Amino acid sequence: MIMLGLTGGIGMGKSTVADMFARQGVPVFDADKVVQQLYGPGGGAVPEIERAFPGTTGPSGVSRERLSRAVIGNQDAMQRLEMIVHPMVQQHRQQFLEQNDRQRHRLVVLDIPLLFETGAHEHVDAIAVVSCSPDVQRSRVLARTNMEPEKFEAIRARQVPDAEKRAKANYVIDTGLSLQETEARVAGLIQQLVQQNQTPM
Ligand SMILES: CC(C)(COP(=O)(O)OP(=O)(O)OC[C@H]1O[C@@H](n2cnc3c(N)ncnc32)[C@H](O)[C@@H]1O)[C@@H](O)C(=O)NCCC(=O)NCCS
Ligand SMILES: Nc1ncnc2c1ncn2[C@@H]1O[C@H](COP(=O)(O)OP(=O)(O)OP(=O)(O)O)[C@@H](O)[C@H]1O
């Protein structure tokens with residue numbers, strides 16, 4: 001089974017591209033989705049987050065708005081949050097891999113926003129990075145609700161720069177194109193990876 005790590009800076013199109021893989025039948029592990037579950041009502045991270053950052057959770061789980069205010073731009077706080085969340089995400093990833101290995105899938109995608117930052121890139125077989133120009137990235141991100149230029153810059157400052165990611169990647173997926181064109185490239189990449197791994201289904 002080939003494990004393809006998929007990553008990219010904020011707003012570069014990682015979730016959109018991960019959906020393209022999933023639509024074409026490739027199992028996708030979505031780290032952000034796991035975090036959403038962990039933060040939801042009764043989620044596994046809620047009690048520890050409340051202990052570390054009092055007042056940031058409630059009956060519907062973690063308030064991302066309040067948690068953002070407590071951690072973004074504060075290195076120590078962000079690190080404490082990561083020490084709570086990342087081991088939980090890793091555990092879910094392990095379960096996903098074991099399940100798909102048993103089912104003998106030839107290719108799986110691990111959609112991990114912080115692939116390099118967390119060292120997860122050392123545990124995958126190949127790396128694909130989604131990338132577009134800084135202008136396109138910025139305009140996509142600032143179009144979101146709950147996003148201001150300062151928050152965008154603070155998040156970006158914590159991420160490995162795009163050029164460095166591209167240099168370390170085996171494949172760069174251009175998301176500055178039309179959705180159709182990017183999807184066609186994803187299809188080509190799947191074909192190439194599956195052909196390389198000729199183990200029986
Ligand atoms: C800081 C939080 C509350 C902000 O929530 P919000 O809903 O506003 O933003 P969202 O989660 O969509 O993230 C926006 C962008 O920031 C990036 N990002 C998230 N956490 C981090 C981090 N610890 N370091 C660098 N970039 C990060 C994401 O990849 C994305 O590109 C949230 O991102 C969080 O709890 N992060 C810690 C958990 C984590 O590291 N998640 C990343 C994947 S495991
Ligand atoms: N060719 C393309 N490939 C990917 N996304 C595109 C493309 N063209 C336009 N978009 C748009 O760009 C946006 C990318 O957002 P997306 O949520 O996928 O980014 P992300 O990298 O997952 O963000 P974050 O890291 O903040 O979670 C979407 O609204 C998507 O429709």
# chains A, B, ... in the order shown; residues from 1 in each chain; ligands from 1

$ residues_around --residues "segment 10-12 of chain A" --least-positions-apart "2" --cutoff "12 Å" --atoms "only C-alpha atoms" --output "ChimeraX atom specification"
/A:6-8,14-18,112-114,129-144,147,151-162,172-177

$ residues_around --residues "segment 184-191 of chain A" --least-positions-apart "2" --cutoff "8 Å" --atoms "only C-alpha atoms" --output "short mmCIF file (atom, residue, chain, number, x, y, z; two decimals) with C-alpha atoms, in the first residue's frame"
data_model
loop_
_atom_site.label_atom_id
_atom_site.label_comp_id
_atom_site.auth_asym_id
_atom_site.auth_seq_id
_atom_site.Cartn_x
_atom_site.Cartn_y
_atom_site.Cartn_z
CA VAL A 17 -7.91 18.20 -3.72
CA MET A 20 -10.94 14.83 -5.64
CA PHE A 21 -8.91 11.79 -4.49
CA GLN A 24 -11.93 8.78 -7.49
CA ILE A 173 -0.41 19.74 -7.53
CA GLN A 180 -11.45 20.57 -13.80
CA GLU A 181 -7.82 20.84 -14.78
CA THR A 182 -6.60 20.16 -11.26
CA LEU A 193 1.07 5.80 -8.33
CA VAL A 194 -1.10 2.72 -8.69
CA GLN A 195 0.89 1.52 -11.70
#

$ atom_distance --atom1 "atom 24 (P, counted along the ligand's line) of ligand 2" --atom2 "atom CA of Ala22 of chain A"
17.2 Å

$ decode --residues "segment 54-200 of chain A" --atoms "C-alpha atoms" --output "PDB file, in the first residue's frame"
ATOM      1  CA  PRO A  54     -10.591  27.638  30.606  1.00  0.00           C
ATOM      2  CA  GLY A  55     -13.699  29.121  29.026  1.00  0.00           C
ATOM      3  CA  THR A  56     -12.982  27.961  25.462  1.00  0.00           C
ATOM      4  CA  THR A  57     -15.452  25.069  25.482  1.00  0.00           C
ATOM      5  CA  GLY A  58     -19.168  24.679  26.105  1.00  0.00           C
ATOM      6  CA  PRO A  59     -22.047  22.243  25.558  1.00  0.00           C
ATOM      7  CA  SER A  60     -21.357  22.180  21.814  1.00  0.00           C
ATOM      8  CA  GLY A  61     -17.673  21.422  22.320  1.00  0.00           C
ATOM      9  CA  VAL A  62     -14.714  23.679  21.581  1.00  0.00           C
ATOM     10  CA  SER A  63     -15.432  27.224  20.428  1.00  0.00           C
ATOM     11  CA  ARG A  64     -12.876  27.704  17.659  1.00  0.00           C
ATOM     12  CA  GLU A  65     -13.338  31.429  17.875  1.00  0.00           C
ATOM     13  CA  ARG A  66     -12.466  31.534  21.581  1.00  0.00           C
ATOM     14  CA  LEU A  67      -9.682  28.979  21.210  1.00  0.00           C
ATOM     15  CA  SER A  68      -8.201  30.957  18.304  1.00  0.00           C
ATOM     16  CA  ARG A  69      -8.110  34.058  20.478  1.00  0.00           C
ATOM     17  CA  ALA A  70      -6.306  32.093  23.204  1.00  0.00           C
ATOM     18  CA  VAL A  71      -3.635  30.519  20.966  1.00  0.00           C
ATOM     19  CA  ILE A  72      -3.071  32.368  17.695  1.00  0.00           C
ATOM     20  CA  GLY A  73      -0.001  34.580  17.948  1.00  0.00           C
ATOM     21  CA  ASN A  74       1.008  32.954  21.249  1.00  0.00           C
ATOM     22  CA  GLN A  75       3.732  30.352  20.668  1.00  0.00           C
ATOM     23  CA  ASP A  76       3.564  28.713  24.090  1.00  0.00           C
ATOM     24  CA  ALA A  77      -0.206  28.400  24.055  1.00  0.00           C
ATOM     25  CA  MET A  78      -0.232  26.986  20.513  1.00  0.00           C
ATOM     26  CA  GLN A  79       2.396  24.433  21.536  1.00  0.00           C
ATOM     27  CA  ARG A  80       0.360  23.362  24.542  1.00  0.00           C
ATOM     28  CA  LEU A  81      -2.693  22.932  22.313  1.00  0.00           C
ATOM     29  CA  GLU A  82      -0.695  20.890  19.795  1.00  0.00           C
ATOM     30  CA  MET A  83       0.569  18.620  22.573  1.00  0.00           C
ATOM     31  CA  ILE A  84      -3.036  17.810  23.424  1.00  0.00           C
ATOM     32  CA  VAL A  85      -4.383  17.411  19.894  1.00  0.00           C
ATOM     33  CA  HIS A  86      -1.590  15.875  17.810  1.00  0.00           C
ATOM     34  CA  PRO A  87      -1.179  12.581  19.732  1.00  0.00           C
ATOM     35  CA  MET A  88      -4.941  12.034  19.455  1.00  0.00           C
ATOM     36  CA  VAL A  89      -4.850  12.664  15.695  1.00  0.00           C
ATOM     37  CA  GLN A  90      -1.901  10.257  15.346  1.00  0.00           C
ATOM     38  CA  GLN A  91      -3.850   7.525  17.065  1.00  0.00           C
ATOM     39  CA  HIS A  92      -6.737   7.932  14.604  1.00  0.00           C
ATOM     40  CA  ARG A  93      -4.282   7.871  11.690  1.00  0.00           C
ATOM     41  CA  GLN A  94      -2.851   4.573  12.901  1.00  0.00           C
ATOM     42  CA  GLN A  95      -6.328   3.046  13.030  1.00  0.00           C
ATOM     43  CA  PHE A  96      -7.090   4.290   9.512  1.00  0.00           C
ATOM     44  CA  LEU A  97      -3.867   2.755   8.146  1.00  0.00           C
ATOM     45  CA  GLU A  98      -4.433  -0.599   9.819  1.00  0.00           C
ATOM     46  CA  GLN A  99      -7.978  -0.802   8.484  1.00  0.00           C
ATOM     47  CA  ASN A 100      -7.024   0.063   4.902  1.00  0.00           C
ATOM     48  CA  ASP A 101      -4.005  -2.214   4.950  1.00  0.00           C
ATOM     49  CA  ARG A 102      -6.251  -5.108   5.934  1.00  0.00           C
ATOM     50  CA  GLN A 103      -8.576  -4.198   3.065  1.00  0.00           C
ATOM     51  CA  ARG A 104      -5.551  -4.260   0.732  1.00  0.00           C
ATOM     52  CA  HIS A 105      -5.969  -0.844  -0.799  1.00  0.00           C
ATOM     53  CA  ARG A 106      -3.104   0.008  -3.142  1.00  0.00           C
ATOM     54  CA  LEU A 107      -3.118   3.703  -2.415  1.00  0.00           C
ATOM     55  CA  VAL A 108      -4.291   5.822   0.497  1.00  0.00           C
ATOM     56  CA  VAL A 109      -4.023   9.573   0.998  1.00  0.00           C
ATOM     57  CA  LEU A 110      -3.140  11.160   4.313  1.00  0.00           C
ATOM     58  CA  ASP A 111      -4.410  14.738   4.237  1.00  0.00           C
ATOM     59  CA  ILE A 112      -2.284  16.357   6.935  1.00  0.00           C
ATOM     60  CA  PRO A 113      -2.045  20.159   6.996  1.00  0.00           C
ATOM     61  CA  LEU A 114       1.054  20.053   9.204  1.00  0.00           C
ATOM     62  CA  LEU A 115       2.754  17.104   7.478  1.00  0.00           C
ATOM     63  CA  PHE A 116       6.271  18.596   7.696  1.00  0.00           C
ATOM     64  CA  GLU A 117       5.733  20.555  10.882  1.00  0.00           C
ATOM     65  CA  THR A 118       4.760  17.402  12.828  1.00  0.00           C
ATOM     66  CA  GLY A 119       7.367  15.106  11.241  1.00  0.00           C
ATOM     67  CA  ALA A 120       4.628  12.923   9.692  1.00  0.00           C
ATOM     68  CA  HIS A 121       6.394  13.252   6.303  1.00  0.00           C
ATOM     69  CA  GLU A 122       8.924  10.697   7.533  1.00  0.00           C
ATOM     70  CA  HIS A 123       6.232   8.032   7.727  1.00  0.00           C
ATOM     71  CA  VAL A 124       4.760   8.325   4.221  1.00  0.00           C
ATOM     72  CA  ASP A 125       5.961   6.812   0.923  1.00  0.00           C
ATOM     73  CA  ALA A 126       5.495   9.926  -1.204  1.00  0.00           C
ATOM     74  CA  ILE A 127       4.511  13.542  -0.680  1.00  0.00           C
ATOM     75  CA  ALA A 128       2.167  15.696  -2.747  1.00  0.00           C
ATOM     76  CA  VAL A 129       1.933  19.416  -2.074  1.00  0.00           C
ATOM     77  CA  VAL A 130      -0.910  21.610  -3.284  1.00  0.00           C
ATOM     78  CA  SER A 131       0.322  24.993  -4.347  1.00  0.00           C
ATOM     79  CA  CYS A 132      -0.790  28.205  -6.019  1.00  0.00           C
ATOM     80  CA  SER A 133       0.536  31.771  -6.142  1.00  0.00           C
ATOM     81  CA  PRO A 134       0.625  33.813  -2.911  1.00  0.00           C
ATOM     82  CA  ASP A 135      -1.945  36.233  -4.390  1.00  0.00           C
ATOM     83  CA  VAL A 136      -4.444  33.485  -5.114  1.00  0.00           C
ATOM     84  CA  GLN A 137      -3.810  31.965  -1.674  1.00  0.00           C
ATOM     85  CA  ARG A 138      -4.359  35.273   0.076  1.00  0.00           C
ATOM     86  CA  SER A 139      -7.555  36.123  -1.748  1.00  0.00           C
ATOM     87  CA  ARG A 140      -9.004  32.653  -1.088  1.00  0.00           C
ATOM     88  CA  VAL A 141      -8.244  32.838   2.597  1.00  0.00           C
ATOM     89  CA  LEU A 142      -9.416  36.408   3.154  1.00  0.00           C
ATOM     90  CA  ALA A 143     -12.726  35.582   1.463  1.00  0.00           C
ATOM     91  CA  ARG A 144     -13.563  33.299   4.407  1.00  0.00           C
ATOM     92  CA  THR A 145     -15.680  34.389   7.317  1.00  0.00           C
ATOM     93  CA  ASN A 146     -13.810  34.531  10.646  1.00  0.00           C
ATOM     94  CA  MET A 147     -10.591  35.480   8.895  1.00  0.00           C
ATOM     95  CA  GLU A 148      -8.628  38.686   9.153  1.00  0.00           C
ATOM     96  CA  PRO A 149      -5.260  39.585   7.604  1.00  0.00           C
ATOM     97  CA  GLU A 150      -3.539  39.344  11.027  1.00  0.00           C
ATOM     98  CA  LYS A 151      -4.872  35.846  11.668  1.00  0.00           C
ATOM     99  CA  PHE A 152      -3.838  34.758   8.162  1.00  0.00           C
ATOM    100  CA  GLU A 153      -0.303  36.058   8.697  1.00  0.00           C
ATOM    101  CA  ALA A 154      -0.012  34.504  12.176  1.00  0.00           C
ATOM    102  CA  ILE A 155      -1.050  31.095  10.850  1.00  0.00           C
ATOM    103  CA  ARG A 156       1.196  31.357   7.824  1.00  0.00           C
ATOM    104  CA  ALA A 157       4.143  32.274  10.026  1.00  0.00           C
ATOM    105  CA  ARG A 158       3.775  28.914  11.796  1.00  0.00           C
ATOM    106  CA  GLN A 159       3.754  26.903   8.588  1.00  0.00           C
ATOM    107  CA  VAL A 160       6.759  25.695   6.586  1.00  0.00           C
ATOM    108  CA  PRO A 161       7.018  28.103   3.610  1.00  0.00           C
ATOM    109  CA  ASP A 162       5.423  26.993   0.341  1.00  0.00           C
ATOM    110  CA  ALA A 163       8.731  27.001  -1.594  1.00  0.00           C
ATOM    111  CA  GLU A 164      10.282  24.706   0.996  1.00  0.00           C
ATOM    112  CA  LYS A 165       7.307  22.373   0.864  1.00  0.00           C
ATOM    113  CA  ARG A 166       7.489  22.202  -2.916  1.00  0.00           C
ATOM    114  CA  ALA A 167      11.208  21.449  -2.772  1.00  0.00           C
ATOM    115  CA  LYS A 168      10.607  18.537  -0.415  1.00  0.00           C
ATOM    116  CA  ALA A 169       7.621  17.123  -2.334  1.00  0.00           C
ATOM    117  CA  ASN A 170       7.632  14.301  -4.854  1.00  0.00           C
ATOM    118  CA  TYR A 171       4.620  15.830  -6.606  1.00  0.00           C
ATOM    119  CA  VAL A 172       3.291  19.373  -6.778  1.00  0.00           C
ATOM    120  CA  ILE A 173      -0.411  19.737  -7.531  1.00  0.00           C
ATOM    121  CA  ASP A 174      -1.150  23.110  -9.100  1.00  0.00           C
ATOM    122  CA  THR A 175      -4.337  24.578  -7.649  1.00  0.00           C
ATOM    123  CA  GLY A 176      -4.018  27.867  -9.522  1.00  0.00           C
ATOM    124  CA  LEU A 177      -5.785  26.165 -12.440  1.00  0.00           C
ATOM    125  CA  SER A 178      -9.456  25.502 -13.034  1.00  0.00           C
ATOM    126  CA  LEU A 179     -11.018  22.861 -10.783  1.00  0.00           C
ATOM    127  CA  GLN A 180     -11.452  20.566 -13.803  1.00  0.00           C
ATOM    128  CA  GLU A 181      -7.818  20.836 -14.777  1.00  0.00           C
ATOM    129  CA  THR A 182      -6.600  20.162 -11.256  1.00  0.00           C
ATOM    130  CA  GLU A 183      -8.942  17.164 -11.036  1.00  0.00           C
ATOM    131  CA  ALA A 184      -7.526  15.758 -14.289  1.00  0.00           C
ATOM    132  CA  ARG A 185      -4.016  16.048 -12.851  1.00  0.00           C
ATOM    133  CA  VAL A 186      -5.123  14.254  -9.702  1.00  0.00           C
ATOM    134  CA  ALA A 187      -6.493  11.435 -11.872  1.00  0.00           C
ATOM    135  CA  GLY A 188      -3.149  11.222 -13.690  1.00  0.00           C
ATOM    136  CA  LEU A 189      -1.245  11.086 -10.430  1.00  0.00           C
ATOM    137  CA  ILE A 190      -3.455   8.285  -9.082  1.00  0.00           C
ATOM    138  CA  GLN A 191      -2.841   6.256 -12.223  1.00  0.00           C
ATOM    139  CA  GLN A 192       0.900   6.780 -12.002  1.00  0.00           C
ATOM    140  CA  LEU A 193       1.074   5.801  -8.329  1.00  0.00           C
ATOM    141  CA  VAL A 194      -1.100   2.718  -8.694  1.00  0.00           C
ATOM    142  CA  GLN A 195       0.893   1.524 -11.698  1.00  0.00           C
ATOM    143  CA  GLN A 196       4.108   1.885  -9.712  1.00  0.00           C
ATOM    144  CA  ASN A 197       2.734  -0.345  -6.989  1.00  0.00           C
ATOM    145  CA  GLN A 198       1.872  -3.589  -8.698  1.00  0.00           C
ATOM    146  CA  THR A 199       1.021  -5.646  -5.641  1.00  0.00           C
ATOM    147  CA  PRO A 200      -2.187  -7.627  -6.174  1.00  0.00           C
TER     148      PRO A 200
END
